[in-house]
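Data block for work08.tsv (TSV, C-alpha atoms and all ligand atoms):
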chain	number	residue	atom	x	y	z
A	1148	MET	CA	68.01	19.11	115.53
A	1149	LYS	CA	65.95	21.45	117.66
A	1150	ASN	CA	62.36	21.52	116.47
A	1151	ILE	CA	60.18	24.61	116.40
A	1152	VAL	CA	56.42	24.07	116.43
A	1153	ILE	CA	54.31	27.10	115.47
A	1154	LEU	CA	50.67	27.44	116.54
A	1155	ILE	CA	48.35	29.57	114.39
A	1156	SER	CA	44.66	30.35	114.01
A	1157	GLY	CA	44.55	32.53	110.91
A	1158	GLY	CA	46.65	34.23	108.28
A	1159	GLY	CA	49.94	33.04	109.65
A	1160	SER	CA	52.01	35.95	108.37
A	1161	ASN	CA	54.24	35.81	111.46
A	1162	MET	CA	54.68	32.08	110.95
A	1163	ALA	CA	55.62	32.71	107.32
A	1164	ALA	CA	58.11	35.40	108.38
A	1165	ILE	CA	59.74	32.93	110.79
A	1166	VAL	CA	59.91	30.20	108.13
A	1167	LYS	CA	61.40	32.58	105.55
A	1168	THR	CA	63.97	33.94	108.01
A	1169	ALA	CA	64.96	30.41	109.01
A	1170	GLN	CA	65.58	29.63	105.34
A	1171	ARG	CA	67.38	32.87	104.55
A	1172	ASP	CA	69.61	32.80	107.60
A	1173	GLY	CA	70.31	29.07	107.51
A	1174	TRP	CA	68.95	28.21	110.96
A	1175	ARG	CA	69.40	24.53	110.18
A	1176	GLU	CA	73.12	24.85	109.65
A	1177	ARG	CA	73.86	27.79	111.96
A	1178	LEU	CA	71.51	27.09	114.86
A	1179	GLY	CA	70.66	23.41	114.45
A	1180	ALA	CA	66.98	24.34	114.37
A	1181	GLN	CA	64.07	23.91	111.98
A	1182	VAL	CA	60.39	24.74	111.81
A	1183	ALA	CA	59.12	21.19	112.11
A	1184	ALA	CA	55.37	21.67	112.28
A	1185	VAL	CA	52.54	24.17	112.09
A	1186	ILE	CA	49.43	23.42	114.12
A	1187	SER	CA	46.13	25.27	113.72
A	1188	ASN	CA	42.94	25.12	115.75
A	1189	LYS	CA	41.05	26.19	112.62
A	1190	LEU	CA	40.69	24.03	109.53
A	1191	ASP	CA	40.52	27.06	107.23
A	1192	ALA	CA	43.51	28.97	108.64
A	1193	LYS	CA	45.15	30.49	105.58
A	1194	GLY	CA	48.61	29.96	107.01
A	1195	LEU	CA	48.21	26.19	106.60
A	1196	VAL	CA	48.43	26.59	102.82
A	1197	PHE	CA	51.80	28.33	103.02
A	1198	ALA	CA	53.14	25.79	105.52
A	1199	ARG	CA	52.14	22.87	103.28
A	1200	GLU	CA	53.73	24.55	100.26
A	1201	GLN	CA	56.95	24.73	102.25
A	1202	GLY	CA	56.80	21.01	102.98
A	1203	ILE	CA	56.24	21.61	106.68
A	1204	ALA	CA	54.13	19.09	108.60
A	1205	THR	CA	50.71	20.54	109.42
A	1206	GLU	CA	48.07	19.45	111.86
A	1207	VAL	CA	44.58	20.75	112.60
A	1208	LEU	CA	43.09	20.31	116.05
A	1209	ASP	CA	39.59	21.76	116.19
A	1210	HIS	CA	39.07	23.02	119.73
A	1211	LYS	CA	35.30	22.69	119.29
A	1212	ALA	CA	35.70	18.92	119.09
A	1213	PHE	CA	36.89	18.79	122.70
A	1214	ALA	CA	34.68	18.90	125.77
A	1215	SER	CA	36.98	21.10	127.83
A	1216	ARG	CA	39.99	23.40	127.57
A	1217	GLU	CA	42.01	20.79	129.48
A	1218	GLU	CA	41.19	18.06	126.96
A	1219	PHE	CA	42.06	20.28	124.01
A	1220	ASP	CA	45.36	21.30	125.59
A	1221	ALA	CA	46.24	17.68	126.39
A	1222	ALA	CA	45.64	16.71	122.75
A	1223	LEU	CA	47.66	19.71	121.59
A	1224	ALA	CA	50.55	18.76	123.87
A	1225	ALA	CA	50.46	15.19	122.54
A	1226	VAL	CA	50.92	16.48	118.98
A	1227	ILE	CA	53.65	18.94	120.00
A	1228	ASP	CA	55.54	16.29	121.93
A	1229	ARG	CA	55.96	14.22	118.77
A	1230	PHE	CA	58.54	16.85	117.84
A	1231	ASP	CA	60.39	16.71	121.17
A	1232	ALA	CA	63.74	14.99	121.08
A	1233	PRO	CA	65.99	13.88	123.94
A	1234	GLY	CA	68.34	16.77	124.71
A	1235	ALA	CA	66.53	19.04	122.24
A	1236	PRO	CA	63.25	20.19	123.76
A	1237	VAL	CA	60.78	21.55	121.26
A	1238	LEU	CA	60.28	25.34	121.12
A	1239	VAL	CA	56.59	26.27	120.98
A	1240	VAL	CA	55.81	29.53	119.15
A	1241	LEU	CA	52.35	31.12	119.36
A	1242	ALA	CA	51.76	33.20	116.23
A	1243	GLY	CA	48.24	34.58	116.16
A	1244	PHE	CA	47.00	31.52	118.07
A	1245	MET	CA	43.66	32.71	119.42
A	1246	ARG	CA	43.20	30.30	122.30
A	1247	ILE	CA	43.76	30.80	126.00
A	1248	LEU	CA	46.00	28.01	127.26
A	1249	THR	CA	45.56	26.21	130.57
A	1250	PRO	CA	48.16	26.61	133.34
A	1251	GLY	CA	48.99	22.91	132.92
A	1252	PHE	CA	49.94	23.46	129.28
A	1253	VAL	CA	51.89	26.63	130.03
A	1254	ASN	CA	53.85	24.95	132.83
A	1255	ARG	CA	54.68	21.94	130.68
A	1256	TYR	CA	56.48	24.20	128.18
A	1257	ALA	CA	57.79	26.77	130.67
A	1258	GLY	CA	60.78	28.64	129.29
A	1259	ARG	CA	60.20	27.34	125.76
A	1260	LEU	CA	56.81	28.86	124.98
A	1261	VAL	CA	56.71	32.31	123.39
A	1262	ASN	CA	54.01	34.65	122.11
A	1263	ILE	CA	53.73	37.83	120.09
A	1264	HIS	CA	51.24	40.43	121.21
A	1265	PRO	CA	50.40	43.56	119.18
A	1266	SER	CA	50.89	46.18	121.88
A	1267	LEU	CA	53.68	47.56	124.03
A	1268	LEU	CA	53.05	45.33	127.03
A	1269	PRO	CA	52.25	45.78	129.84
A	1270	ALA	CA	49.91	48.25	128.09
A	1271	PHE	CA	46.84	46.74	126.44
A	1272	PRO	CA	46.85	43.02	127.11
A	1273	GLY	CA	43.89	41.22	125.54
A	1274	LEU	CA	41.99	42.04	122.35
A	1275	HIS	CA	41.45	45.15	120.17
A	1276	THR	CA	44.85	46.58	121.09
A	1277	HIS	CA	45.11	48.99	118.17
A	1278	GLN	CA	41.72	50.62	118.70
A	1279	ARG	CA	42.44	50.89	122.40
A	1280	ALA	CA	45.80	52.58	121.72
A	1281	ILE	CA	44.09	55.07	119.37
A	1282	ASP	CA	41.25	55.72	121.84
A	1283	ALA	CA	43.77	56.34	124.63
A	1284	GLY	CA	45.50	58.98	122.49
A	1285	CYS	CA	48.79	57.06	122.38
A	1286	GLN	CA	51.38	58.65	120.12
A	1287	PHE	CA	53.27	55.41	119.87
A	1288	ALA	CA	52.16	51.81	119.65
A	1289	GLY	CA	54.01	48.61	118.96
A	1290	VAL	CA	54.49	44.94	119.55
A	1291	THR	CA	55.95	42.67	122.19
A	1292	VAL	CA	57.48	39.20	122.05
A	1293	HIS	CA	57.33	37.55	125.45
A	1294	GLN	CA	57.70	34.29	127.30
A	1295	VAL	CA	54.29	32.84	128.11
A	1296	THR	CA	53.28	32.49	131.73
A	1297	ALA	CA	49.94	31.48	133.21
A	1298	GLU	CA	48.67	35.08	133.15
A	1299	LEU	CA	47.42	36.15	129.70
A	1300	ASP	CA	49.78	38.48	127.78
A	1301	HIS	CA	52.25	38.69	130.66
A	1302	GLY	CA	55.61	37.07	131.12
A	1303	PRO	CA	59.18	38.22	130.60
A	1304	ILE	CA	59.64	40.50	127.60
A	1305	LEU	CA	62.08	39.26	124.95
A	1306	ALA	CA	61.72	42.00	122.33
A	1307	GLN	CA	59.67	45.06	121.45
A	1308	ALA	CA	59.31	47.40	118.49
A	1309	VAL	CA	57.69	50.82	118.46
A	1310	VAL	CA	55.75	52.53	115.65
A	1311	PRO	CA	54.14	55.99	115.58
A	1312	VAL	CA	50.38	56.40	115.75
A	1313	LEU	CA	49.51	58.82	112.94
A	1314	PRO	CA	46.66	61.33	113.10
A	1315	ASP	CA	44.44	59.57	110.55
A	1316	ASP	CA	45.10	56.06	111.76
A	1317	THR	CA	42.32	53.53	112.01
A	1318	ALA	CA	42.78	50.27	113.87
A	1319	ASP	CA	43.49	48.66	110.48
A	1320	THR	CA	46.18	51.08	109.31
A	1321	LEU	CA	47.87	50.96	112.70
A	1322	ALA	CA	47.67	47.14	112.74
A	1323	ALA	CA	49.32	46.98	109.33
A	1324	ARG	CA	52.18	49.25	110.48
A	1325	VAL	CA	52.67	47.17	113.61
A	1326	LEU	CA	52.54	43.91	111.64
A	1327	THR	CA	55.53	44.88	109.49
A	1328	GLN	CA	57.53	45.19	112.71
A	1329	GLU	CA	56.17	41.89	114.05
A	1330	HIS	CA	57.72	40.17	111.05
A	1331	VAL	CA	61.10	41.66	111.93
A	1332	ILE	CA	61.27	41.14	115.67
A	1333	TYR	CA	59.62	37.73	116.06
A	1334	PRO	CA	62.14	35.80	113.93
A	1335	ARG	CA	64.96	37.76	115.57
A	1336	ALA	CA	63.76	36.99	119.09
A	1337	ILE	CA	63.41	33.30	118.26
A	1338	ALA	CA	66.91	33.18	116.80
A	1339	GLY	CA	68.12	34.78	120.04
A	1340	LEU	CA	66.43	32.05	122.09
A	1341	LEU	CA	67.90	29.32	119.89
A	1342	GLN	CA	71.39	30.70	120.43
A	1343	LYS	CA	71.13	30.36	124.21
B	1401	LIG	C1	49.29	39.50	114.91
B	1401	LIG	O1	49.00	40.85	115.00
B	1401	LIG	C2	49.70	38.98	116.26
B	1401	LIG	O2	50.46	39.88	116.98
B	1401	LIG	C3	48.37	38.78	116.89
B	1401	LIG	O3	47.55	38.25	115.88
B	1401	LIG	C4	48.05	38.66	114.62
B	1401	LIG	C5	48.34	37.44	113.83
B	1401	LIG	O4	48.70	37.69	112.52
B	1401	LIG	N1	48.47	37.99	118.08
B	1401	LIG	P1	49.26	36.51	111.61
B	1401	LIG	O5	48.31	35.33	111.72
B	1401	LIG	O6	50.64	36.16	112.09
B	1401	LIG	O7	49.27	37.08	110.23

Mind turning the file's structure into structure tokens?
Amino acid sequence: MKNIVILISGGGSNMAAIVKTAQRDGWRERLGAQVAAVISNKLDAKGLVFAREQGIATEVLDHKAFASREEFDAALAAVIDRFDAPGAPVLVVLAGFMRILTPGFVNRYAGRLVNIHPSLLPAFPGLHTHQRAIDAGCQFAGVTVHQVTAELDHGPILAQAVVPVLPDDTADTLAARVLTQEHVIYPRAIAGLLQK
């Protein structure tokens, strides 16, 4: 069985979309894959509640308890690697995980570490993507699923979806429109990776 480990920091709606798609589409039977664990760097991440209700293993690693980024990432890798199996390397899915990862961590999971970013990369890497798209006068915005490389919000693009920016949009209304598409393309992109 190929294990998927999902990293979250907050609401976890993308994580929930992946879990629900895996159930609906029978990833266990069809793809030999399962969401094995959800890890949060925040104790109060709402997504942890959903994961526990689904019977998924959860773990909280508070980054503030570590002296350096390197130490936090090493502890994170140690938890993730519990779900690694010979011949079935774990797939690590960042889903609203608000931590910058060290190059050592990224290299360790090269080719099996993916992220979702709420803009049409390479436009608007970093934070506040929706407000920046509105301020720039963009008529379209969207979301990107990509392989993670050492450079933040870069790396080969696996999937994108586009939404219109409407005249009265605020960052919140645009974010909500983009989020509905995130829930469609992230599970689909992961299923595509699992089929390879
Ligand atoms: C999403 O917009 C994601 O693209 C961004 O953070 C948000 C997380 O939402 N990186 P959720 O925790 O999956 O609900």

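Checking A:Leu1208, A:Ala1322, A:Val1253, A:Val1261 one by one against Glu1298 of chain A, counting all atoms listed in the file, you find the shortest gap at A:Val1253.
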
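Neighbours of ligand LIG 1401 (chain B) at a cut-off of 6 Å, computed so that only C-alpha atoms and all ligand atoms are counted, are the residues Gly1157, Gly1158, Gly1159, Ser1160, Asn1161, Met1162, Ala1242, Gly1243, Ile1263, His1264, Pro1265 and Leu1326 of chain A.
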
(message) What does the structure give for the distance between atom CA of Leu1321 of chain A and atom CA of Ile1281 of chain A, in Å to one decimal?
(response)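 Separation between atom CA of Leu1321 of chain A and atom CA of Ile1281 of chain A: 8.7 Å.
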
How big is the axis-aligned box, and where does its centre sit, when it encloses all atoms of segment 1226-1242 of chain A listed in the file and has 4 Å added on every side, reported in Å to one decimal as JSON?
{"center_x": 59.6, "center_y": 23.5, "center_z": 120.5, "size_x": 25.4, "size_y": 27.3, "size_z": 16.5}

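Neighbourhood of point (53.5, 21.4, 113.4): residues with an atom at most 10 Å away, counting only C-alpha atoms, are Asn1150, Ile1151, Val1152, Ile1153, Leu1154, Ile1155, Val1182, Ala1183, Ala1184, Val1185, Ile1186, Ser1187, Leu1195, Ala1198, Ile1203, Ala1204, Thr1205, Glu1206, Val1207, Val1226, Ile1227, Arg1229, Phe1230 and Val1239 of chain A.
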
Using only C-alpha atoms, which protein or nucleic acid residues come within 8 Å of Gln1181 of chain A? Drop anything in the same chain fewer than 3 positions from it, and give the result as a tab-separated table (two decimals) with C-alpha atoms, keeping the file's coordinate frame.
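Written file, result19.tsv:
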chain	number	residue	atom	x	y	z
A	1148	MET	CA	68.01	19.11	115.53
A	1149	LYS	CA	65.95	21.45	117.66
A	1150	ASN	CA	62.36	21.52	116.47
A	1151	ILE	CA	60.18	24.61	116.40
A	1169	ALA	CA	64.96	30.41	109.01
A	1174	TRP	CA	68.95	28.21	110.96
A	1175	ARG	CA	69.40	24.53	110.18

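A distance cut-off of 10 Å around (51.5, 49.9, 121.9), counting all atoms listed in the file, selects these protein and nucleic acid residues: His1264, Pro1265, Ser1266, Leu1267, Leu1268, Pro1269, Ala1270, Phe1271, Pro1272, Thr1276, His1277, Arg1279, Ala1280, Ile1281, Cys1285, Gln1286, Phe1287, Ala1288, Gly1289, Val1290, Thr1291, Gln1307, Ala1308, Val1309, Val1310, Pro1311, Val1312, Leu1321 and Val1325 of chain A.
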
(message) Set the distance at 12 Å and use only C-alpha atoms: which residues neighbour Gln1342 of chain A once local chain neighbours fewer than 2 positions away are removed? I'd like the list as a PyMOL selection string.
(response) chain A and resi 1149+1174+1177-1180+1335-1340

(request) Select, from A:Ile1247, A:Ala1232, A:Val1237, A:Ile1304, the residue with the minimum atom-to-atom distance to Arg1216 of chain A, counting all atoms listed in the file. (result) A:Ile1247

(message) One decimal, in Å: what's the spacing between atom CA of Asp1172 of chain A and atom CA of Ala1323 of chain A?
(response)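 Between atom CA of Asp1172 of chain A and atom CA of Ala1323 of chain A the gap is 24.8 Å.
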
(message) Could you tell me how far atom CA of Asn1254 of chain A sits from atom CA of Ala1163 of chain A, in Å to one decimal place?
(response) 26.7 Å

(message) From the options A:His1301, A:Arg1255, A:Arg1171, A:His1275, which residue's atoms come nearest to Asp1319 of chain A, counting only C-alpha atoms?
(response) A:His1275

(request) May I ask which of the residues A:Ser1156, A:Thr1296, A:Ser1215, A:Thr1327 is the closest one to Gly1258 of chain A, counting only C-alpha atoms? (result) A:Thr1296

(message) Between A:Leu1248, A:Val1295, A:Val1240, A:Ala1318, which residue has the minimum interatomic distance to Asp1282 of chain A, considering only C-alpha atoms?
(response) A:Ala1318

(message) Counting only C-alpha atoms, which residue out of A:Phe1219, A:Ala1212, A:Val1292, A:Arg1259 sits closest to Lys1343 of chain A?
(response) A:Arg1259
